[in-house]
Amino acid sequence: MIHLEDRGPVALLTIHRPERRNALDHEALEQLLEAHAATGDARVVVLTGSDGHFCAGADLTGVEDAGFTDLLRRALATLRDDPRPHLAAVEGSALGAGTQLAIACDLRVATASARFGIPAARLGLLVDHWSVARLALLAGAGPARAMLVGAETYGGEEAHALGLVQRLGDLDAALGWADEIAALAPLTLAGLKLALNRLEMPVGRGEDPDVLAAWDRAWGSQDLQEGIAAFRERRRPVFHGR
């Protein structure tokens with residue numbers, strides 16, 4: 001499900017659930033955390049997906065409650081807080097949790113076919129405060145609002161123009177860049193990553209009590225159950241705000 005390839009100074013993690021477009025469930029997140037812990041002495045970690053997609057988000061056929069988000073937050077924090085550079089190599093769908101994984105990495109390389117978005121409002125879900133802040137810092141406040149409040153998606157070239165994606169290219173291009181970065185000074189890179197991450201602290205990492213209350217309301221709502229039921233039944237949800 002999560003494949004780890006040792007490429008010397010670069011570790012390649014691949015999400016492999018092609019039958020679900022690499023959507024994540026509890027088991028996939030647990031395996032991702034285990035595989036990441038096994039990356040050993042690699043200086044750079046590259047995260048990608050198999051069979052033409054990065055990650056289509058949460059697998060709503062197996063996600064029933066907010067317990068999934070605890071694992072997702074651990075995975076995002078692991079990518080974010082590890083002192084080594086992390087690159088996301090994105091092709092195809094990078095939606096919901098897929099975009100969250102991509103922005104938790106330090107750099108993103110994407111093909112023109114890539115598609116970024118967090119359409120949580122179509123399902124009654126709510127993403128954590130840190131992900132909202134990170135997306136706004138990377139893509140800009142306007143595009144972030146369009147993605148979150150308007151449930152819009154952006155293609156690879158659009159994301160590159162916004163600065164959400166740093167380079168256009170495929171997995172080989174991402175691995176080539178990772179090899180270049182792996183030859184740079186590790187302590188310098190770790191210090192720079194830490195300094196960049198600290199820039200996010202003023203906008204919060206989810207501690208705001210009003211944001212937490214909104215989180216609890218959304219994840220405990222009837223709308224969430226309606227959104228998941230509609231997804232499974234392949235129909236348009238009808239939300240009532242309760």
# chains A, B, ... in the order shown; residues from 1 in each chain; ligands from 1

call {"tool": "closest_atom_pairs", "arguments": {"of": "segment 21-71 of chain A", "to": "segment 112-136 of chain A", "cutoff": "9 Å", "atoms": "only C-alpha atoms", "output": "tab-separated table"}}
result
residue	atom	partner	partner_atom	distance
A:His53	CA	A:Ala114	CA	7.9
A:Phe54	CA	A:Ala114	CA	8.2
A:Gly57	CA	A:Ile118	CA	8.6
A:Thr69	CA	A:Val127	CA	8.6

call {"tool": "write_last_selection", "arguments": {"atoms": "N, CA, C and O atoms", "output": "PDB file, in the first residue's frame"}}
result
ATOM      1  N   HIS A  53      -1.949   8.932 -10.390  1.00  0.00           N
ATOM      2  CA  HIS A  53      -2.562   9.830  -9.419  1.00  0.00           C
ATOM      3  C   HIS A  53      -1.664   9.974  -8.195  1.00  0.00           C
ATOM      4  O   HIS A  53      -0.982   9.025  -7.800  1.00  0.00           O
ATOM      5  N   PHE A  54      -1.710  11.155  -7.594  1.00  0.00           N
ATOM      6  CA  PHE A  54      -0.976  11.391  -6.354  1.00  0.00           C
ATOM      7  C   PHE A  54      -1.787  10.844  -5.182  1.00  0.00           C
ATOM      8  O   PHE A  54      -1.412   9.869  -4.556  1.00  0.00           O
ATOM      9  N   GLY A  57      -7.498  11.990  -1.914  1.00  0.00           N
ATOM     10  CA  GLY A  57      -8.069  12.456  -0.659  1.00  0.00           C
ATOM     11  C   GLY A  57      -8.358  11.327   0.294  1.00  0.00           C
ATOM     12  O   GLY A  57      -7.719  10.275   0.268  1.00  0.00           O
ATOM     13  N   THR A  69      -8.859  11.902  11.105  1.00  0.00           N
ATOM     14  CA  THR A  69      -8.116  13.153  11.046  1.00  0.00           C
ATOM     15  C   THR A  69      -6.952  13.179  12.025  1.00  0.00           C
ATOM     16  O   THR A  69      -5.986  13.902  11.808  1.00  0.00           O
TER      17      THR A  69
END

call {"tool": "residues_around", "arguments": {"residues": "His160 of chain A", "least_positions_apart": "3", "cutoff": "12 Å", "atoms": "only C-alpha atoms", "output": "ChimeraX atom specification"}}
result
/A:90,107-116,138-139,154-157,163-169

call {"tool": "write_last_selection", "arguments": {"atoms": "C-alpha atoms", "output": "mmCIF file, in the first residue's frame"}}
result
data_model
loop_
_atom_site.group_PDB
_atom_site.id
_atom_site.type_symbol
_atom_site.label_atom_id
_atom_site.label_comp_id
_atom_site.auth_asym_id
_atom_site.auth_seq_id
_atom_site.Cartn_x
_atom_site.Cartn_y
_atom_site.Cartn_z
ATOM 1 C CA VAL A 90 2.274 15.139 -8.184
ATOM 2 C CA LEU A 107 8.511 21.609 -2.465
ATOM 3 C CA ARG A 108 6.156 20.407 -5.162
ATOM 4 C CA VAL A 109 6.866 19.168 -8.687
ATOM 5 C CA ALA A 110 3.743 18.529 -10.765
ATOM 6 C CA THR A 111 2.710 17.559 -14.256
ATOM 7 C CA ALA A 112 0.260 19.614 -16.281
ATOM 8 C CA SER A 113 -2.327 16.884 -15.630
ATOM 9 C CA ALA A 114 -2.133 17.382 -11.860
ATOM 10 C CA ARG A 115 -5.227 18.698 -10.108
ATOM 11 C CA PHE A 116 -5.126 20.422 -6.720
ATOM 12 C CA LEU A 138 1.779 29.000 -0.531
ATOM 13 C CA ALA A 139 -0.930 29.770 -3.099
ATOM 14 C CA TYR A 154 -6.369 24.193 -10.092
ATOM 15 C CA GLY A 155 -4.394 22.333 -12.735
ATOM 16 C CA GLY A 156 -0.659 21.834 -12.606
ATOM 17 C CA GLU A 157 0.179 24.802 -14.796
ATOM 18 C CA GLY A 163 3.640 29.436 -6.769
ATOM 19 C CA LEU A 164 1.905 26.458 -5.193
ATOM 20 C CA VAL A 165 4.031 24.253 -7.472
ATOM 21 C CA GLN A 166 7.718 25.089 -7.827
ATOM 22 C CA ARG A 167 8.555 23.071 -10.941
ATOM 23 C CA LEU A 168 6.595 21.450 -13.744
ATOM 24 C CA GLY A 169 7.691 17.911 -14.472
#

call {"tool": "residues_around", "arguments": {"residues": "segment 190-195 of chain A", "least_positions_apart": "3", "cutoff": "7 Å", "atoms": "only C-alpha atoms", "output": "list in words"}}
result
Pro83, Arg84, Pro186, Leu187, Arg198 and Leu199 of chain A

call {"tool": "write_last_selection", "arguments": {"atoms": "N, CA, C and O atoms", "output": "compact mmCIF listing (two decimals), in the first residue's frame"}}
result
# COMPACT_ATOMS: atom_id res chain seq x y z
N PRO A 83 13.33 17.46 9.82
CA PRO A 83 14.28 18.50 9.37
C PRO A 83 14.77 18.34 7.95
O PRO A 83 15.33 19.28 7.37
N ARG A 84 14.55 17.19 7.34
CA ARG A 84 15.02 16.97 5.97
C ARG A 84 14.04 17.56 4.95
O ARG A 84 12.83 17.60 5.21
N PRO A 186 23.26 19.62 4.84
CA PRO A 186 22.07 19.19 5.60
C PRO A 186 21.70 20.11 6.76
O PRO A 186 20.52 20.38 6.99
N LEU A 187 22.69 20.58 7.51
CA LEU A 187 22.38 21.43 8.67
C LEU A 187 21.82 22.78 8.22
O LEU A 187 20.93 23.34 8.87
N ARG A 198 8.58 28.37 11.00
CA ARG A 198 8.24 29.27 12.11
C ARG A 198 7.47 30.50 11.61
O ARG A 198 6.79 31.16 12.39
N LEU A 199 7.59 30.80 10.32
CA LEU A 199 6.83 31.92 9.77
C LEU A 199 5.32 31.67 9.87
O LEU A 199 4.53 32.61 9.86

call {"tool": "select_by_dssp", "arguments": {"residues": "segment 2-210 of chain A", "states": "strand (DSSP E)", "output": "number ranges by chain"}}
result
A: 2-7, 10-15, 44-49, 86-90, 93-95, 107-110, 115-117, 154-155, 167-168

call {"tool": "atom_distance", "arguments": {"atom1": "atom CA of Glu158 of chain A", "atom2": "atom CA of Arg74 of chain A"}}
result
29.1 Å

call {"tool": "closest_atom_pairs", "arguments": {"of": "segment 154-240 of chain A", "to": "segment 6-19 of chain A", "cutoff": "7 Å", "atoms": "only C-alpha atoms", "output": "tab-separated table"}}
result
residue	atom	partner	partner_atom	distance
A:Ala178	CA	A:Val10	CA	6.7
A:Asp179	CA	A:Val10	CA	6.7
A:Ala182	CA	A:Pro9	CA	6.1

call {"tool": "closest_residue", "arguments": {"among": "A:Glu180, A:Asp41, A:Asp25, A:Glu34", "to": "Ala97 of chain A", "atoms": "only C-alpha atoms"}}
result
A:Asp25

call {"tool": "closest_residue", "arguments": {"among": "A:Leu29, A:Trp177, A:Thr61, A:Ala42", "to": "Ala88 of chain A", "atoms": "only C-alpha atoms"}}
result
A:Trp177
